>>> print(open('protein33.txt').read())   # compact mmCIF, N, CA, C and O atoms
# COMPACT_ATOMS: atom_id res chain seq x y z
N MET A 1494 -18.39 -25.62 -21.57
CA MET A 1494 -17.68 -24.51 -20.97
C MET A 1494 -17.56 -24.77 -19.46
O MET A 1494 -18.52 -25.15 -18.82
N ASN A 1495 -16.37 -24.55 -18.95
CA ASN A 1495 -16.11 -24.72 -17.52
C ASN A 1495 -16.29 -23.39 -16.80
O ASN A 1495 -16.08 -22.33 -17.39
N THR A 1496 -16.66 -23.45 -15.54
CA THR A 1496 -16.80 -22.25 -14.72
C THR A 1496 -15.64 -22.19 -13.74
O THR A 1496 -15.33 -23.17 -13.08
N VAL A 1497 -14.99 -21.01 -13.67
CA VAL A 1497 -13.92 -20.78 -12.70
C VAL A 1497 -14.49 -19.84 -11.64
O VAL A 1497 -14.90 -18.73 -11.95
N TYR A 1498 -14.52 -20.32 -10.41
CA TYR A 1498 -15.03 -19.50 -9.30
C TYR A 1498 -13.88 -18.79 -8.61
O TYR A 1498 -12.88 -19.42 -8.25
N ILE A 1499 -14.02 -17.48 -8.45
CA ILE A 1499 -13.00 -16.68 -7.77
C ILE A 1499 -13.60 -16.05 -6.53
O ILE A 1499 -14.81 -15.82 -6.46
N ASN A 1500 -12.74 -15.79 -5.54
CA ASN A 1500 -13.20 -15.18 -4.28
C ASN A 1500 -13.44 -13.68 -4.42
O ASN A 1500 -14.31 -13.14 -3.76
N ALA A 1501 -12.62 -13.04 -5.23
CA ALA A 1501 -12.72 -11.59 -5.42
C ALA A 1501 -12.30 -11.24 -6.83
O ALA A 1501 -11.38 -11.84 -7.38
N ALA A 1502 -12.98 -10.30 -7.41
CA ALA A 1502 -12.64 -9.83 -8.76
C ALA A 1502 -11.88 -8.53 -8.63
O ALA A 1502 -12.11 -7.78 -7.69
N PRO A 1503 -10.97 -8.24 -9.51
CA PRO A 1503 -10.57 -9.03 -10.68
C PRO A 1503 -9.47 -10.03 -10.34
O PRO A 1503 -8.87 -9.98 -9.27
N ILE A 1504 -9.19 -10.92 -11.29
CA ILE A 1504 -8.06 -11.84 -11.19
C ILE A 1504 -7.22 -11.63 -12.45
O ILE A 1504 -7.77 -11.34 -13.53
N GLU A 1505 -5.91 -11.74 -12.33
CA GLU A 1505 -5.03 -11.55 -13.48
C GLU A 1505 -5.01 -12.81 -14.33
O GLU A 1505 -5.04 -13.93 -13.82
N LEU A 1506 -4.94 -12.60 -15.64
CA LEU A 1506 -4.98 -13.69 -16.60
C LEU A 1506 -3.90 -14.73 -16.35
O LEU A 1506 -4.17 -15.93 -16.34
N ASN A 1507 -2.66 -14.30 -16.13
CA ASN A 1507 -1.58 -15.26 -15.92
C ASN A 1507 -1.82 -16.10 -14.67
O ASN A 1507 -1.53 -17.29 -14.65
N LYS A 1508 -2.38 -15.51 -13.63
CA LYS A 1508 -2.67 -16.25 -12.40
C LYS A 1508 -3.79 -17.27 -12.62
O LYS A 1508 -3.75 -18.38 -12.10
N LEU A 1509 -4.77 -16.90 -13.42
CA LEU A 1509 -5.87 -17.82 -13.72
C LEU A 1509 -5.34 -19.07 -14.41
O LEU A 1509 -5.69 -20.19 -14.03
N LEU A 1510 -4.48 -18.89 -15.40
CA LEU A 1510 -3.94 -20.04 -16.12
C LEU A 1510 -3.15 -20.95 -15.18
O LEU A 1510 -3.25 -22.18 -15.26
N LYS A 1511 -2.40 -20.35 -14.28
CA LYS A 1511 -1.60 -21.13 -13.34
C LYS A 1511 -2.49 -21.83 -12.31
O LYS A 1511 -2.34 -23.03 -12.06
N PHE A 1512 -3.42 -21.12 -11.70
CA PHE A 1512 -4.27 -21.70 -10.67
C PHE A 1512 -5.17 -22.80 -11.20
O PHE A 1512 -5.52 -23.72 -10.47
N GLU A 1513 -5.56 -22.70 -12.45
CA GLU A 1513 -6.40 -23.74 -13.05
C GLU A 1513 -5.57 -24.90 -13.62
O GLU A 1513 -6.11 -25.77 -14.29
N SER A 1514 -4.26 -24.87 -13.39
CA SER A 1514 -3.33 -25.91 -13.84
C SER A 1514 -3.34 -26.10 -15.35
O SER A 1514 -3.15 -27.22 -15.85
N LEU A 1515 -3.56 -25.02 -16.07
CA LEU A 1515 -3.51 -25.08 -17.53
C LEU A 1515 -2.07 -24.97 -18.02
O LEU A 1515 -1.76 -25.34 -19.15
N VAL A 1516 -1.21 -24.42 -17.17
CA VAL A 1516 0.23 -24.32 -17.43
C VAL A 1516 0.95 -24.78 -16.17
O VAL A 1516 0.38 -24.80 -15.08
N ALA A 1517 2.24 -25.10 -16.32
CA ALA A 1517 3.00 -25.63 -15.19
C ALA A 1517 3.54 -24.55 -14.26
O ALA A 1517 3.79 -24.81 -13.09
N SER A 1518 3.71 -23.33 -14.80
CA SER A 1518 4.31 -22.27 -13.98
C SER A 1518 3.84 -20.91 -14.44
O SER A 1518 3.25 -20.76 -15.52
N GLY A 1519 4.16 -19.91 -13.62
CA GLY A 1519 3.84 -18.53 -14.00
C GLY A 1519 4.60 -18.10 -15.24
O GLY A 1519 4.08 -17.37 -16.08
N GLY A 1520 5.83 -18.57 -15.36
CA GLY A 1520 6.63 -18.25 -16.55
C GLY A 1520 6.02 -18.81 -17.82
O GLY A 1520 6.00 -18.16 -18.86
N GLU A 1521 5.51 -20.03 -17.73
CA GLU A 1521 4.86 -20.63 -18.89
C GLU A 1521 3.58 -19.88 -19.22
O GLU A 1521 3.25 -19.68 -20.39
N ALA A 1522 2.84 -19.44 -18.19
CA ALA A 1522 1.62 -18.67 -18.42
C ALA A 1522 1.95 -17.40 -19.20
O ALA A 1522 1.27 -17.07 -20.18
N LYS A 1523 2.98 -16.70 -18.78
CA LYS A 1523 3.38 -15.46 -19.48
C LYS A 1523 3.76 -15.76 -20.92
O LYS A 1523 3.42 -15.00 -21.83
N MET A 1524 4.46 -16.87 -21.15
CA MET A 1524 4.91 -17.21 -22.49
C MET A 1524 3.72 -17.50 -23.43
O MET A 1524 3.68 -17.01 -24.55
N VAL A 1525 2.75 -18.30 -22.96
CA VAL A 1525 1.62 -18.63 -23.84
C VAL A 1525 0.78 -17.39 -24.14
O VAL A 1525 0.24 -17.26 -25.24
N ILE A 1526 0.70 -16.48 -23.17
CA ILE A 1526 -0.05 -15.23 -23.40
C ILE A 1526 0.69 -14.37 -24.42
O ILE A 1526 0.09 -13.89 -25.38
N GLU A 1527 2.00 -14.19 -24.22
CA GLU A 1527 2.81 -13.38 -25.15
C GLU A 1527 2.76 -13.93 -26.57
O GLU A 1527 2.82 -13.18 -27.54
N ASN A 1528 2.65 -15.25 -26.71
CA ASN A 1528 2.62 -15.89 -28.03
C ASN A 1528 1.23 -15.89 -28.66
O ASN A 1528 1.04 -16.47 -29.72
N GLY A 1529 0.26 -15.24 -28.01
CA GLY A 1529 -1.07 -15.10 -28.59
C GLY A 1529 -1.91 -16.36 -28.57
O GLY A 1529 -2.81 -16.52 -29.40
N LEU A 1530 -1.65 -17.24 -27.61
CA LEU A 1530 -2.38 -18.51 -27.55
C LEU A 1530 -3.62 -18.45 -26.67
O LEU A 1530 -4.32 -19.45 -26.52
N VAL A 1531 -3.88 -17.28 -26.06
CA VAL A 1531 -5.02 -17.14 -25.15
C VAL A 1531 -5.97 -16.07 -25.69
O VAL A 1531 -5.53 -15.01 -26.14
N LYS A 1532 -7.25 -16.36 -25.63
CA LYS A 1532 -8.27 -15.38 -26.01
C LYS A 1532 -9.10 -15.01 -24.79
O LYS A 1532 -9.39 -15.87 -23.95
N VAL A 1533 -9.48 -13.74 -24.72
CA VAL A 1533 -10.39 -13.26 -23.69
C VAL A 1533 -11.56 -12.61 -24.40
O VAL A 1533 -11.38 -11.70 -25.21
N ASN A 1534 -12.74 -13.11 -24.13
CA ASN A 1534 -13.96 -12.62 -24.77
C ASN A 1534 -13.85 -12.61 -26.29
O ASN A 1534 -14.30 -11.69 -26.96
N GLY A 1535 -13.22 -13.66 -26.83
CA GLY A 1535 -13.14 -13.84 -28.28
C GLY A 1535 -11.99 -13.16 -28.98
O GLY A 1535 -11.80 -13.35 -30.17
N SER A 1536 -11.19 -12.36 -28.27
CA SER A 1536 -10.06 -11.65 -28.88
C SER A 1536 -8.75 -12.14 -28.29
O SER A 1536 -8.67 -12.39 -27.08
N VAL A 1537 -7.73 -12.26 -29.13
CA VAL A 1537 -6.40 -12.65 -28.65
C VAL A 1537 -5.94 -11.61 -27.63
O VAL A 1537 -6.03 -10.41 -27.86
N GLU A 1538 -5.45 -12.10 -26.50
CA GLU A 1538 -4.99 -11.22 -25.42
C GLU A 1538 -3.50 -11.43 -25.18
O GLU A 1538 -3.06 -12.56 -24.99
N ILE A 1539 -2.72 -10.35 -25.23
CA ILE A 1539 -1.28 -10.46 -25.01
C ILE A 1539 -0.83 -9.74 -23.74
O ILE A 1539 0.35 -9.71 -23.43
N GLN A 1540 -1.78 -9.18 -22.99
CA GLN A 1540 -1.44 -8.57 -21.70
C GLN A 1540 -1.38 -9.67 -20.65
O GLN A 1540 -2.40 -10.29 -20.33
N LYS A 1541 -0.19 -9.90 -20.11
CA LYS A 1541 -0.01 -10.99 -19.14
C LYS A 1541 -0.85 -10.80 -17.89
O LYS A 1541 -1.36 -11.74 -17.32
N ARG A 1542 -0.98 -9.56 -17.46
CA ARG A 1542 -1.71 -9.27 -16.23
C ARG A 1542 -3.08 -8.66 -16.50
O ARG A 1542 -3.61 -7.91 -15.68
N LYS A 1543 -3.66 -9.02 -17.61
CA LYS A 1543 -5.00 -8.54 -17.96
C LYS A 1543 -5.95 -8.87 -16.81
O LYS A 1543 -5.99 -10.00 -16.33
N LYS A 1544 -6.68 -7.88 -16.36
CA LYS A 1544 -7.63 -8.07 -15.27
C LYS A 1544 -8.91 -8.70 -15.81
O LYS A 1544 -9.54 -8.17 -16.72
N LEU A 1545 -9.27 -9.84 -15.24
CA LEU A 1545 -10.49 -10.54 -15.63
C LEU A 1545 -11.56 -10.32 -14.58
O LEU A 1545 -11.28 -10.35 -13.38
N ASN A 1546 -12.76 -10.10 -15.03
CA ASN A 1546 -13.89 -9.87 -14.14
C ASN A 1546 -14.97 -10.92 -14.36
O ASN A 1546 -14.91 -11.70 -15.31
N VAL A 1547 -15.93 -10.94 -13.48
CA VAL A 1547 -17.04 -11.87 -13.57
C VAL A 1547 -17.70 -11.75 -14.95
O VAL A 1547 -17.95 -10.65 -15.43
N GLY A 1548 -17.93 -12.89 -15.58
CA GLY A 1548 -18.57 -12.92 -16.88
C GLY A 1548 -17.59 -13.00 -18.05
O GLY A 1548 -18.00 -13.30 -19.17
N ASP A 1549 -16.31 -12.72 -17.81
CA ASP A 1549 -15.32 -12.83 -18.87
C ASP A 1549 -15.14 -14.28 -19.27
O ASP A 1549 -15.22 -15.19 -18.42
N ILE A 1550 -14.87 -14.50 -20.56
CA ILE A 1550 -14.68 -15.85 -21.08
C ILE A 1550 -13.24 -15.96 -21.58
O ILE A 1550 -12.78 -15.13 -22.36
N VAL A 1551 -12.54 -16.98 -21.09
CA VAL A 1551 -11.15 -17.22 -21.45
C VAL A 1551 -11.07 -18.51 -22.24
O VAL A 1551 -11.65 -19.53 -21.84
N GLN A 1552 -10.36 -18.47 -23.38
CA GLN A 1552 -10.15 -19.65 -24.21
C GLN A 1552 -8.66 -19.93 -24.29
O GLN A 1552 -7.87 -19.02 -24.58
N PHE A 1553 -8.30 -21.17 -24.02
CA PHE A 1553 -6.91 -21.60 -24.12
C PHE A 1553 -6.90 -23.04 -24.59
O PHE A 1553 -7.56 -23.90 -24.01
N MET A 1554 -6.17 -23.26 -25.66
CA MET A 1554 -6.11 -24.56 -26.31
C MET A 1554 -7.54 -24.96 -26.68
O MET A 1554 -8.22 -24.20 -27.32
N ASP A 1555 -8.01 -26.09 -26.24
CA ASP A 1555 -9.36 -26.51 -26.60
C ASP A 1555 -10.34 -26.35 -25.45
O ASP A 1555 -11.41 -26.94 -25.43
N GLN A 1556 -9.98 -25.49 -24.48
CA GLN A 1556 -10.82 -25.30 -23.31
C GLN A 1556 -11.36 -23.87 -23.24
O GLN A 1556 -10.71 -22.93 -23.69
N GLU A 1557 -12.53 -23.74 -22.65
CA GLU A 1557 -13.17 -22.44 -22.50
C GLU A 1557 -13.68 -22.32 -21.07
O GLU A 1557 -14.27 -23.26 -20.53
N PHE A 1558 -13.43 -21.16 -20.47
CA PHE A 1558 -13.79 -20.92 -19.08
C PHE A 1558 -14.55 -19.61 -18.94
O PHE A 1558 -14.21 -18.63 -19.60
N ILE A 1559 -15.53 -19.59 -18.06
CA ILE A 1559 -16.22 -18.35 -17.73
C ILE A 1559 -15.91 -18.06 -16.26
O ILE A 1559 -15.88 -18.96 -15.42
N ILE A 1560 -15.67 -16.79 -15.97
CA ILE A 1560 -15.32 -16.36 -14.61
C ILE A 1560 -16.61 -16.08 -13.84
O ILE A 1560 -17.48 -15.35 -14.32
N ALA A 1561 -16.70 -16.65 -12.64
CA ALA A 1561 -17.87 -16.43 -11.77
C ALA A 1561 -17.37 -16.15 -10.35
O ALA A 1561 -16.32 -16.62 -9.95
N LEU A 1562 -18.16 -15.40 -9.61
CA LEU A 1562 -17.83 -15.07 -8.23
C LEU A 1562 -18.34 -16.17 -7.32
O LEU A 1562 -19.49 -16.59 -7.41
N GLU A 1563 -17.47 -16.67 -6.46
CA GLU A 1563 -17.85 -17.69 -5.50
C GLU A 1563 -18.77 -17.08 -4.46
O GLU A 1563 -18.48 -16.03 -3.92
N VAL A 1564 -19.87 -17.75 -4.18
CA VAL A 1564 -20.85 -17.22 -3.22
C VAL A 1564 -20.66 -17.84 -1.86
O VAL A 1564 -20.32 -18.94 -1.69
>>> encode(input="protein33.txt", output="structure tokens")
Amino acid sequence: MNTVYINAAPIELNKLLKFESLVASGGEAKMVIENGLVKVNGSVEIQKRKKLNVGDIVQFMDQEFIIALEV
């Protein structure tokens, strides 16, 4: 599992996918979310701007990320 460090919580799901270079653009991020390809805390998430907080786990393709606050 990879750790994603953020400066401030929350972060939007579509922005996380883009900033971590899991997708090429914000439009692609929205598309993969709408198509049910992303899970948050084990459940399929279709809210493009879902607010993620510290401790949330995001799964996309074969990768898994946990959100942590940068110290």
>>> closest_residue(input="protein33.txt", among="A:Val1531, A:Met1554, A:Val1547, A:Val1537", to="A:Ala1502", atoms="only C-alpha atoms")
A:Val1547
>>> select_by_dssp(input="protein33.txt", residues="chain A", states="strand (DSSP E)", output="ChimeraX atom specification")
/A:1495-1499,1504-1505,1531-1533,1536-1537,1544-1545,1550-1553,1556-1562
>>> residues_around(input="protein33.txt", residues="stretch 1539-1545 of chain A", least_positions_apart="3", cutoff="9 Å", atoms="only C-alpha atoms", output="PyMOL selection string")
chain A and resi 1502-1509+1522-1533+1548-1551+1560
>>> select_by_dssp(input="protein33.txt", residues="chain A", states="alpha helix (DSSP H)", output="ChimeraX atom specification")
/A:1506-1512,1519-1527
>>> atom_distance(input="protein33.txt", atom1="atom N of A:Leu1510", atom2="atom O of A:Gly1535")
17.4 Å
>>> closest_residue(input="protein33.txt", among="A:Ser1536, A:Glu1513, A:Gly1520, A:Tyr1498", to="A:Val1564", atoms="all atoms listed in the file")
A:Tyr1498
>>> atom_distance(input="protein33.txt", atom1="atom O of A:Asn1500", atom2="atom C of A:Phe1553")
24.2 Å
>>> atom_distance(input="protein33.txt", atom1="atom C of A:Leu1562", atom2="atom C of A:Glu1521")
25.2 Å
>>> residues_around(input="protein33.txt", residues="A:Asn1495", least_positions_apart="5", cutoff="8 Å", atoms="only C-alpha atoms", output="PyMOL selection string")
chain A and resi 1556-1559
>>> axis_aligned_box(input="protein33.txt", around="stretch 1521-1525 of chain A", padding_each_side="4 Å", output="AutoDock Vina command-line options")
--center_x 2.9 --center_y -17.8 --center_z -21.5 --size_x 13.3 --size_y 13.6 --size_z 15.5
